[in-house]
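S.K.: File name work.txt; file contents compact mmCIF, C-alpha atoms; full text below.
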# COMPACT_ATOMS: atom_id res chain seq x y z
CA MET A 1 2.88 -8.79 -3.39
CA SER A 2 0.55 -11.74 -3.73
CA PHE A 3 -2.24 -12.42 -1.33
CA ASP A 4 -3.11 -15.83 -0.05
CA PRO A 5 -6.48 -15.60 1.65
CA GLY A 6 -5.82 -18.90 3.31
CA SER A 7 -2.70 -17.74 5.04
CA THR A 8 -3.00 -16.92 8.67
CA GLY A 9 -0.62 -13.98 9.02
CA SER A 10 1.19 -13.49 12.27
CA SER A 11 -1.70 -14.50 14.50
CA THR A 12 -2.83 -18.08 14.49
CA SER A 13 -5.76 -18.08 16.91
CA PRO A 14 -9.15 -17.79 15.21
CA PRO A 15 -11.27 -14.83 16.28
CA GLY A 16 -14.13 -15.73 18.62
CA THR A 17 -16.54 -13.10 17.32
CA ALA A 18 -17.03 -11.01 14.20
CA GLU A 19 -16.14 -7.90 16.20
CA GLU A 20 -12.88 -9.52 17.27
CA TYR A 21 -12.22 -10.29 13.61
CA LEU A 22 -12.79 -6.62 12.77
CA ALA A 23 -10.66 -5.44 15.69
CA ARG A 24 -7.74 -7.50 14.44
CA VAL A 25 -8.19 -6.15 10.93
CA ALA A 26 -8.28 -2.62 12.37
CA GLU A 27 -5.11 -3.22 14.36
CA ARG A 28 -3.30 -4.35 11.24
CA LEU A 29 -4.57 -1.38 9.23
CA GLN A 30 -3.35 1.25 11.68
CA VAL A 31 -0.78 2.37 9.12
CA LEU A 32 -3.55 3.57 6.79
CA PRO A 33 -5.19 7.00 6.97
CA GLU A 34 -8.04 6.98 9.48
CA ARG A 35 -10.72 7.70 6.88
CA ASP A 36 -9.62 4.84 4.63
CA ARG A 37 -9.36 2.46 7.57
CA GLY A 38 -12.82 3.43 8.79
CA GLU A 39 -14.40 2.82 5.38
CA ILE A 40 -12.71 -0.56 5.01
CA LEU A 41 -13.94 -1.62 8.44
CA ASP A 42 -17.48 -0.33 7.82
CA GLU A 43 -17.66 -2.20 4.54
CA THR A 44 -16.28 -5.40 6.06
CA ARG A 45 -18.70 -5.10 8.97
CA SER A 46 -21.56 -4.67 6.50
CA HIS A 47 -20.36 -7.69 4.51
CA ILE A 48 -20.11 -9.91 7.60
CA ALA A 49 -23.48 -8.79 8.92
CA GLU A 50 -25.23 -9.45 5.62
CA ARG A 51 -23.51 -12.71 4.80
CA TYR A 52 -23.15 -14.32 8.21
CA GLY A 53 -25.60 -12.33 10.32
CA ALA A 54 -27.92 -15.31 10.68
CA LEU A 55 -25.18 -17.38 12.26
CA PRO A 56 -24.52 -17.34 16.00
CA GLU A 57 -21.04 -16.63 17.34
CA PRO A 58 -18.49 -18.08 17.02
CA GLN A 59 -19.76 -19.62 13.76
CA ALA A 60 -20.09 -16.17 12.15
CA ALA A 61 -16.46 -15.34 12.90
CA ALA A 62 -15.37 -18.77 11.73
CA ALA A 63 -17.30 -18.32 8.46
CA ALA A 64 -15.74 -14.91 7.91
CA MET A 65 -12.32 -16.41 8.58
CA ALA A 66 -12.97 -19.24 6.12
CA ASP A 67 -14.19 -16.95 3.33
CA LEU A 68 -12.20 -13.75 3.78
CA GLY A 69 -9.07 -15.31 5.24
CA SER A 70 -7.53 -14.58 8.60
CA PRO A 71 -7.91 -10.96 9.79
CA GLU A 72 -4.20 -10.45 9.26
CA ALA A 73 -4.21 -11.89 5.73
CA TYR A 74 -7.32 -9.91 4.83
CA ALA A 75 -5.77 -6.68 6.10
CA GLU A 76 -2.53 -7.50 4.34
CA ALA A 77 -4.37 -7.66 1.02
CA PHE A 78 -5.42 -4.02 1.51
CA LEU A 79 -1.92 -3.00 2.51
CA ALA A 80 -0.55 -4.69 -0.59
CA GLU A 81 -2.95 -2.66 -2.72
CA TYR A 82 -1.60 0.46 -1.00
CA GLY A 83 1.90 -0.65 -1.91
CA MET A 84 2.76 -1.27 1.71
CA THR A 85 4.84 -4.32 2.44
CA GLU A 86 6.45 -5.66 5.57
CA GLU A 87 8.28 -2.32 5.81
CA ALA A 88 5.05 -0.91 7.21
CA PHE A 89 5.36 -3.35 10.06
CA ALA A 90 9.01 -2.70 10.79
CA ARG A 91 9.43 -2.09 14.48
CA PRO A 92 9.37 1.62 15.40
CA SER A 93 12.83 1.30 16.90
CA ARG A 94 14.18 0.07 13.56
CA ARG A 95 12.52 2.94 11.71
CA LEU A 96 13.90 5.39 14.25
CA ILE A 97 17.40 4.02 13.82
CA ARG A 98 17.07 4.34 10.04
CA SER A 99 15.81 7.91 10.36
CA ALA A 100 18.55 8.84 12.80
CA GLY A 101 21.12 7.22 10.52
CA GLY A 102 19.86 9.27 7.60
CA VAL A 103 20.09 12.51 9.58
CA VAL A 104 23.62 11.72 10.76
CA LEU A 105 24.68 10.91 7.20
CA ALA A 106 23.14 14.14 5.93
CA ILE A 107 24.94 16.23 8.58
CA LEU A 108 28.24 14.47 7.93
CA ALA A 109 27.89 14.91 4.18
CA GLY A 110 27.01 18.59 4.60
CA ALA A 111 30.03 19.19 6.83
CA LEU A 112 32.33 17.48 4.35
CA LEU A 113 30.91 19.53 1.52
CA LEU A 114 31.42 22.79 3.41
CA PHE A 115 34.97 21.74 4.18
CA GLY A 116 35.61 21.02 0.50
CA LEU A 117 34.17 24.34 -0.63
CA LEU A 118 36.30 26.24 1.88
CA ASN A 119 39.31 24.32 0.71
CA VAL A 120 38.79 25.45 -2.89
CA LEU A 121 37.44 28.94 -2.39
CA THR A 122 39.77 30.31 0.29
CA PRO A 123 43.49 31.05 -0.21
CA PRO A 124 45.97 28.74 1.53
CA SER A 125 46.94 29.96 4.91
CA ALA A 126 49.02 28.43 7.60
CA GLU A 127 46.39 29.53 10.06
CA SER A 128 43.58 27.80 8.21
CA VAL A 129 42.21 24.76 9.96
CA TRP A 130 41.83 22.90 6.68
CA PHE A 131 45.20 23.98 5.33
CA ILE A 132 46.94 21.04 7.01
CA TRP A 133 44.66 18.59 5.20
CA ARG A 134 45.85 19.79 1.81
CA ASP A 135 49.13 18.09 2.51
CA VAL A 136 47.52 14.66 2.52
CA GLY A 137 48.10 14.39 -1.21
CA LEU A 138 44.78 14.71 -3.04
CA GLY A 139 45.48 18.24 -4.12
CA ARG A 140 43.07 21.16 -4.06
CA TYR A 141 40.65 19.79 -6.69
CA GLY A 142 41.05 16.19 -5.59
CA TRP A 143 39.75 17.19 -2.22
CA PHE A 144 36.96 19.12 -3.82
CA LEU A 145 35.92 16.13 -5.94
CA LEU A 146 35.98 13.96 -2.86
CA PHE A 147 33.84 16.40 -0.98
CA ALA A 148 31.56 16.97 -3.96
CA ALA A 149 30.88 13.24 -3.87
CA SER A 150 29.46 13.88 -0.46
CA TRP A 151 26.67 15.80 -2.23
CA ILE A 152 25.57 12.48 -3.65
CA LEU A 153 25.63 11.01 -0.18
CA ALA A 154 23.66 13.97 1.11
CA GLY A 155 21.17 13.60 -1.73
CA VAL A 156 20.66 9.92 -1.03
CA ALA A 157 20.24 10.66 2.66
CA ALA A 158 17.76 13.45 1.91
CA ILE A 159 15.70 11.22 -0.40
CA GLY A 160 15.70 8.49 2.23
CA ALA A 161 14.69 10.92 4.95
CA ALA A 162 11.91 12.33 2.75
CA ALA A 163 10.60 8.82 2.06
CA LEU A 164 10.61 8.04 5.77
CA LEU A 165 8.80 11.29 6.55
CA ARG A 166 6.20 10.60 3.87
CA ARG A 167 5.62 7.12 5.25
CA ALA A 168 5.37 8.52 8.77
CA ARG A 169 2.73 11.02 7.57
CA VAL A 170 0.73 8.25 5.92
CA GLN A 171 0.90 6.24 9.12
CA ALA A 172 -0.22 9.27 11.13
CA MET B 1 -14.53 -6.35 -11.73
CA LEU B 2 -14.89 -3.42 -14.13
CA ALA B 3 -16.92 -5.60 -16.49
CA ILE B 4 -19.32 -6.55 -13.70
CA LEU B 5 -19.81 -2.92 -12.74
CA GLU B 6 -20.31 -1.94 -16.37
CA ARG B 7 -23.74 -3.53 -16.07
CA GLY B 8 -24.69 -1.15 -13.30
CA GLU B 9 -24.12 -0.09 -9.74
CA HIS B 10 -23.38 -2.98 -7.36
CA TYR B 11 -22.29 -3.32 -3.77
CA GLY B 12 -19.37 -5.52 -2.75
CA LEU B 13 -21.31 -8.67 -1.98
CA GLU B 14 -23.13 -8.47 -5.31
CA VAL B 15 -19.82 -8.06 -7.12
CA LEU B 16 -18.50 -11.08 -5.26
CA GLU B 17 -21.57 -13.17 -6.12
CA GLU B 18 -21.34 -12.15 -9.76
CA ALA B 19 -17.67 -13.04 -9.86
CA THR B 20 -18.14 -16.42 -8.19
CA ARG B 21 -20.71 -17.38 -10.83
CA LEU B 22 -17.73 -17.69 -13.14
CA PRO B 23 -15.51 -20.29 -11.46
CA GLU B 24 -12.86 -19.86 -14.13
CA VAL B 25 -12.29 -16.31 -12.87
CA GLY B 26 -11.22 -17.85 -9.58
CA ILE B 27 -11.65 -14.80 -7.40
CA ALA B 28 -11.46 -15.30 -3.63
CA ASP B 29 -13.76 -13.50 -1.21
CA GLY B 30 -10.86 -11.81 0.52
CA THR B 31 -9.58 -10.20 -2.66
CA VAL B 32 -12.78 -8.45 -3.77
CA TYR B 33 -12.80 -5.56 -1.31
CA PRO B 34 -9.08 -4.77 -1.58
CA LEU B 35 -9.45 -4.67 -5.37
CA LEU B 36 -12.52 -2.45 -5.23
CA ASN B 37 -10.63 -0.21 -2.82
CA ARG B 38 -7.68 0.13 -5.19
CA LEU B 39 -9.82 0.71 -8.27
CA GLU B 40 -11.61 3.51 -6.46
CA ARG B 41 -8.35 5.12 -5.37
CA GLU B 42 -7.19 4.90 -8.98
CA GLY B 43 -10.28 6.81 -10.03
CA LYS B 44 -11.78 3.96 -12.02
CA LEU B 45 -14.69 3.52 -9.61
CA ARG B 46 -16.74 5.74 -7.37
CA SER B 47 -18.70 4.61 -4.36
CA ARG B 48 -21.54 5.79 -2.16
CA TRP B 49 -23.08 4.45 1.00
CA VAL B 50 -26.74 3.56 0.82
CA ALA B 51 -28.94 2.64 3.77
CA SER B 52 -30.68 -0.64 3.11
CA GLU B 53 -34.25 -1.47 4.05
CA THR B 54 -33.46 -5.15 4.23
CA ALA B 55 -29.94 -5.20 5.67
CA SER B 56 -28.91 -4.07 9.13
CA HIS B 57 -25.92 -2.11 7.83
CA PRO B 58 -25.57 0.38 4.99
CA ARG B 59 -24.11 -0.94 1.77
CA ARG B 60 -21.33 0.62 -0.23
CA TYR B 61 -22.32 0.77 -3.88
CA TYR B 62 -19.72 1.05 -6.62
CA SER B 63 -20.08 2.33 -10.15
CA LEU B 64 -17.74 2.96 -13.06
CA THR B 65 -16.25 6.38 -13.65
CA ALA B 66 -15.34 7.64 -17.11
CA ALA B 67 -11.75 6.58 -16.42
CA GLY B 68 -12.96 3.13 -15.40
CA ALA B 69 -15.05 2.81 -18.56
CA ALA B 70 -12.05 3.84 -20.66
CA ALA B 71 -9.81 1.32 -18.87
CA LEU B 72 -12.39 -1.41 -19.44
CA ALA B 73 -12.67 -0.52 -23.15
CA ALA B 74 -8.88 -0.72 -23.49
CA MET B 75 -8.81 -4.08 -21.70
CA LYS B 76 -11.57 -5.43 -23.91
CA GLU B 77 -9.73 -4.32 -27.02
CA GLY B 78 -6.52 -5.92 -25.77
CA TRP B 79 -8.35 -9.15 -25.02
CA ARG B 80 -10.01 -9.23 -28.46
CA GLU B 81 -6.64 -8.76 -30.16
CA PHE B 82 -5.12 -11.50 -28.02
CA ARG B 83 -8.01 -13.87 -28.75
CA SER B 84 -7.90 -13.07 -32.46
CA GLY B 85 -4.17 -13.82 -32.53
CA LEU B 86 -4.69 -17.15 -30.81
CA ASP B 87 -7.52 -18.02 -33.20
CA ARG B 88 -5.29 -17.34 -36.19
CA LEU B 89 -2.59 -19.48 -34.63
CA LEU B 90 -4.91 -22.40 -33.98
CA ASP B 91 -6.90 -22.31 -37.24
Step by step, read the file and then write its structure as structure tokens.
M.R.:
Amino acid sequence: MSFDPGSTGSSTSPPGTAEEYLARVAERLQVLPERDRGEILDETRSHIAERYGALPEPQAAAAAMADLGSPEAYAEAFLAEYGMTEEAFARPSRRLIRSAGGVVLAILAGALLLFGLLNVLTPPSAESVWFIWRDVGLGRYGWFLLFAASWILAGVAAIGAAALLRRARVQA
Amino acid sequence: MLAILERGEHYGLEVLEEATRLPEVGIADGTVYPLLNRLEREGKLRSRWVASETASHPRRYYSLTAAGAAALAAMKEGWREFRSGLDRLLD
């Protein structure tokens, strides 16, 4: 992900003070671990104080904006170095839907797999719930292969869920 | 960045000033700190906060680690090979 220090990110209004600049950087960096975020802000605060400390506000904030880029673009450069893209800014509702979708897929795949295993491992019986389904035409092993494919689905869902959990932990 | 820090411990603003002395490097102010941050997380740099007698805020000083020195040596070697190849091509 390339960084354009001149870009203005999602916010277009220039910060009125250096502290407002830092607050907007902090807001954008909320997805980072607290310790990392704190060190980035401390270092940026030190940089602004040393480089523009002689300037009155709002000139100090304007100078920081001109040199470092907008708070959003500056923060984005850190996120890019962390390998975080716009996914980090996906709305929580969208992430929740993705997580819920992954869980539903995993449950569905697990149920299908169990059904397939029962179909292969248990003797046919008129009383069996799954016995009727054998008449659909795939045959005993055809059904099993179909259900075994659900393992792949379950695996994909599990990997996706693990990635979402890992991202959620980083954001926490 | 690694080459600048090879000369000794520097804080971010010093690194930036060193880098901007070479306009052909073309480094922007806003890219220095993210790069230092990444290099430290990669283990190529270490940092420490030092209270300054002249500045109102403490400064974060960076220095090369052994891994950073090794990475710099490899980059230098790669650059020399590249330059040597171009020289042969042009001569």
S.K.: Counting all atoms listed in the file, which residues of chain A come no farther than 8 Å from chain B, as a PyMOL selection string?
M.R.: chain A and resi 3+5+43+45-47+49-50+67-69+74+77-78+81-82
S.K.: Closest to Leu72 (chain B) among B:Glu6, B:Glu17, B:Glu24, B:Glu42, using only C-alpha atoms?
M.R.: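 Checking each of B:Glu6, B:Glu17, B:Glu24, B:Glu42 against Leu72 (chain B), counting only C-alpha atoms, the winner is B:Glu6.
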S.K.: Mind pulling up the distance from CA of Ala64 (chain A) to CA of Glu76 (chain A)?
M.R.: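 Computed distance, CA of Glu76 (chain A) to CA of Ala64 (chain A), equals 15.6 Å.
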S.K.: Within 12 Å of Ala158 (chain A), counting only C-alpha atoms, which residues show up once you throw out same-chain ones fewer than 3 positions away? Write them as a PyMOL selection string, please.
M.R.: chain A and resi 99-107+109-110+150-155+161-165
S.K.: Could you name the residues that touch Ala66 (chain B) at 9 Å or less, counting only C-alpha atoms, but leaving out those on the same chain fewer than 6 positions away, as a list in words?
M.R.: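 The contact residues come out as Gly43, Lys44 and Leu45 of chain B.
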S.K.: Please indicate the distance in Å from CA of Leu79 (chain A) to CA of Ala18 (chain A), rounded to one decimal place.
M.R.: 20.7 Å
S.K.: So, counting only C-alpha atoms, which residue among B:Ala3, B:Arg80, B:Met75, B:Ala69 is closest to Val15 (chain B)?
M.R.: B:Ala3
S.K.: Rounded to one decimal in Å, what is the spacing between CA of Pro14 (chain A) and CA of Ala62 (chain A)?
M.R.: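 Interatomic distance, CA of Pro14 (chain A) to CA of Ala62 (chain A): 7.2 Å.
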S.K.: From the options A:Ala63, A:Gly83, A:Gly16, A:Gln30, which residue's atoms come nearest to Ile48 (chain A), counting all atoms listed in the file?
M.R.: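 When distances to Ile48 (chain A) are compared using all atoms listed in the file, the smallest one comes from A:Ala63.
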S.K.: Skipping near chain neighbours, those fewer than 5 positions away, what residues fall within 8 Å of Glu9 (chain B) using all atoms listed in the file, listed as a PyMOL selection string?
M.R.: chain B and resi 61-64
S.K.: Please produce region 36-70 of chain A, completed to N, CA and C atoms, as a PDB file, keeping the file's coordinate frame.
M.R.:
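See result34.pdb below for the written result:
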ATOM      1  N   ASP A  36      -9.666   6.059   5.438  1.00  0.00           N
ATOM      2  CA  ASP A  36      -9.620   4.840   4.630  1.00  0.00           C
ATOM      3  C   ASP A  36      -9.874   3.615   5.508  1.00  0.00           C
ATOM      4  N   ARG A  37      -9.216   3.607   6.665  1.00  0.00           N
ATOM      5  CA  ARG A  37      -9.360   2.460   7.570  1.00  0.00           C
ATOM      6  C   ARG A  37     -10.821   2.319   8.007  1.00  0.00           C
ATOM      7  N   GLY A  38     -11.425   3.455   8.332  1.00  0.00           N
ATOM      8  CA  GLY A  38     -12.820   3.430   8.790  1.00  0.00           C
ATOM      9  C   GLY A  38     -13.746   2.882   7.709  1.00  0.00           C
ATOM     10  N   GLU A  39     -13.526   3.288   6.464  1.00  0.00           N
ATOM     11  CA  GLU A  39     -14.400   2.820   5.380  1.00  0.00           C
ATOM     12  C   GLU A  39     -14.211   1.331   5.123  1.00  0.00           C
ATOM     13  N   ILE A  40     -12.972   0.881   5.202  1.00  0.00           N
ATOM     14  CA  ILE A  40     -12.710  -0.560   5.010  1.00  0.00           C
ATOM     15  C   ILE A  40     -13.415  -1.364   6.100  1.00  0.00           C
ATOM     16  N   LEU A  41     -13.317  -0.886   7.329  1.00  0.00           N
ATOM     17  CA  LEU A  41     -13.940  -1.620   8.440  1.00  0.00           C
ATOM     18  C   LEU A  41     -15.467  -1.579   8.329  1.00  0.00           C
ATOM     19  N   ASP A  42     -16.013  -0.423   7.977  1.00  0.00           N
ATOM     20  CA  ASP A  42     -17.480  -0.330   7.820  1.00  0.00           C
ATOM     21  C   ASP A  42     -17.969  -1.285   6.740  1.00  0.00           C
ATOM     22  N   GLU A  43     -17.237  -1.335   5.640  1.00  0.00           N
ATOM     23  CA  GLU A  43     -17.660  -2.200   4.540  1.00  0.00           C
ATOM     24  C   GLU A  43     -17.537  -3.677   4.925  1.00  0.00           C
ATOM     25  N   THR A  44     -16.453  -4.004   5.626  1.00  0.00           N
ATOM     26  CA  THR A  44     -16.280  -5.400   6.060  1.00  0.00           C
ATOM     27  C   THR A  44     -17.339  -5.777   7.081  1.00  0.00           C
ATOM     28  N   ARG A  45     -17.652  -4.844   7.971  1.00  0.00           N
ATOM     29  CA  ARG A  45     -18.700  -5.100   8.970  1.00  0.00           C
ATOM     30  C   ARG A  45     -20.044  -5.340   8.277  1.00  0.00           C
ATOM     31  N   SER A  46     -20.328  -4.520   7.265  1.00  0.00           N
ATOM     32  CA  SER A  46     -21.560  -4.670   6.500  1.00  0.00           C
ATOM     33  C   SER A  46     -21.596  -6.029   5.796  1.00  0.00           C
ATOM     34  N   HIS A  47     -20.464  -6.406   5.217  1.00  0.00           N
ATOM     35  CA  HIS A  47     -20.360  -7.690   4.510  1.00  0.00           C
ATOM     36  C   HIS A  47     -20.622  -8.851   5.482  1.00  0.00           C
ATOM     37  N   ILE A  48     -19.968  -8.816   6.619  1.00  0.00           N
ATOM     38  CA  ILE A  48     -20.110  -9.910   7.600  1.00  0.00           C
ATOM     39  C   ILE A  48     -21.539  -9.976   8.112  1.00  0.00           C
ATOM     40  N   ALA A  49     -22.112  -8.803   8.384  1.00  0.00           N
ATOM     41  CA  ALA A  49     -23.480  -8.790   8.920  1.00  0.00           C
ATOM     42  C   ALA A  49     -24.460  -9.359   7.899  1.00  0.00           C
ATOM     43  N   GLU A  50     -24.281  -8.991   6.635  1.00  0.00           N
ATOM     44  CA  GLU A  50     -25.230  -9.450   5.620  1.00  0.00           C
ATOM     45  C   GLU A  50     -25.027 -10.920   5.276  1.00  0.00           C
ATOM     46  N   ARG A  51     -23.784 -11.341   5.248  1.00  0.00           N
ATOM     47  CA  ARG A  51     -23.510 -12.710   4.800  1.00  0.00           C
ATOM     48  C   ARG A  51     -23.628 -13.729   5.925  1.00  0.00           C
ATOM     49  N   TYR A  52     -23.196 -13.337   7.117  1.00  0.00           N
ATOM     50  CA  TYR A  52     -23.150 -14.320   8.210  1.00  0.00           C
ATOM     51  C   TYR A  52     -24.016 -13.904   9.396  1.00  0.00           C
ATOM     52  N   GLY A  53     -24.816 -12.870   9.207  1.00  0.00           N
ATOM     53  CA  GLY A  53     -25.600 -12.330  10.320  1.00  0.00           C
ATOM     54  C   GLY A  53     -26.550 -13.341  10.939  1.00  0.00           C
ATOM     55  N   ALA A  54     -26.976 -14.322  10.152  1.00  0.00           N
ATOM     56  CA  ALA A  54     -27.920 -15.310  10.680  1.00  0.00           C
ATOM     57  C   ALA A  54     -27.227 -16.345  11.552  1.00  0.00           C
ATOM     58  N   LEU A  55     -25.921 -16.368  11.487  1.00  0.00           N
ATOM     59  CA  LEU A  55     -25.180 -17.380  12.260  1.00  0.00           C
ATOM     60  C   LEU A  55     -24.891 -16.873  13.667  1.00  0.00           C
ATOM     61  N   PRO A  56     -24.924 -17.749  14.657  1.00  0.00           N
ATOM     62  CA  PRO A  56     -24.520 -17.340  16.000  1.00  0.00           C
ATOM     63  C   PRO A  56     -22.990 -17.297  16.079  1.00  0.00           C
ATOM     64  N   GLU A  57     -22.488 -16.593  17.099  1.00  0.00           N
ATOM     65  CA  GLU A  57     -21.040 -16.630  17.340  1.00  0.00           C
ATOM     66  C   GLU A  57     -20.723 -17.926  18.076  1.00  0.00           C
ATOM     67  N   PRO A  58     -19.609 -18.563  17.846  1.00  0.00           N
ATOM     68  CA  PRO A  58     -18.490 -18.080  17.020  1.00  0.00           C
ATOM     69  C   PRO A  58     -18.550 -18.546  15.564  1.00  0.00           C
ATOM     70  N   GLN A  59     -19.691 -19.132  15.151  1.00  0.00           N
ATOM     71  CA  GLN A  59     -19.760 -19.620  13.760  1.00  0.00           C
ATOM     72  C   GLN A  59     -19.626 -18.477  12.759  1.00  0.00           C
ATOM     73  N   ALA A  60     -20.178 -17.295  13.080  1.00  0.00           N
ATOM     74  CA  ALA A  60     -20.090 -16.170  12.150  1.00  0.00           C
ATOM     75  C   ALA A  60     -18.632 -15.770  11.927  1.00  0.00           C
ATOM     76  N   ALA A  61     -17.886 -15.700  13.030  1.00  0.00           N
ATOM     77  CA  ALA A  61     -16.460 -15.340  12.900  1.00  0.00           C
ATOM     78  C   ALA A  61     -15.708 -16.417  12.145  1.00  0.00           C
ATOM     79  N   ALA A  62     -16.055 -17.669  12.411  1.00  0.00           N
ATOM     80  CA  ALA A  62     -15.370 -18.770  11.730  1.00  0.00           C
ATOM     81  C   ALA A  62     -15.680 -18.738  10.227  1.00  0.00           C
ATOM     82  N   ALA A  63     -16.925 -18.403   9.878  1.00  0.00           N
ATOM     83  CA  ALA A  63     -17.300 -18.320   8.460  1.00  0.00           C
ATOM     84  C   ALA A  63     -16.552 -17.176   7.778  1.00  0.00           C
ATOM     85  N   ALA A  64     -16.470 -16.051   8.474  1.00  0.00           N
ATOM     86  CA  ALA A  64     -15.740 -14.910   7.910  1.00  0.00           C
ATOM     87  C   ALA A  64     -14.276 -15.278   7.691  1.00  0.00           C
ATOM     88  N   MET A  65     -13.724 -15.979   8.666  1.00  0.00           N
ATOM     89  CA  MET A  65     -12.320 -16.410   8.580  1.00  0.00           C
ATOM     90  C   MET A  65     -12.134 -17.362   7.387  1.00  0.00           C
ATOM     91  N   ALA A  66     -13.090 -18.261   7.205  1.00  0.00           N
ATOM     92  CA  ALA A  66     -12.970 -19.240   6.120  1.00  0.00           C
ATOM     93  C   ALA A  66     -13.077 -18.560   4.759  1.00  0.00           C
ATOM     94  N   ASP A  67     -13.952 -17.576   4.641  1.00  0.00           N
ATOM     95  CA  ASP A  67     -14.190 -16.950   3.330  1.00  0.00           C
ATOM     96  C   ASP A  67     -13.225 -15.803   3.042  1.00  0.00           C
ATOM     97  N   LEU A  68     -13.029 -14.943   4.011  1.00  0.00           N
ATOM     98  CA  LEU A  68     -12.200 -13.750   3.780  1.00  0.00           C
ATOM     99  C   LEU A  68     -10.721 -14.015   4.066  1.00  0.00           C
ATOM    100  N   GLY A  69     -10.438 -15.068   4.798  1.00  0.00           N
ATOM    101  CA  GLY A  69      -9.070 -15.310   5.240  1.00  0.00           C
ATOM    102  C   GLY A  69      -8.914 -14.814   6.663  1.00  0.00           C
ATOM    103  N   SER A  70      -7.768 -15.062   7.239  1.00  0.00           N
ATOM    104  CA  SER A  70      -7.530 -14.580   8.600  1.00  0.00           C
ATOM    105  C   SER A  70      -7.593 -13.049   8.608  1.00  0.00           C
TER     106      SER A  70
END
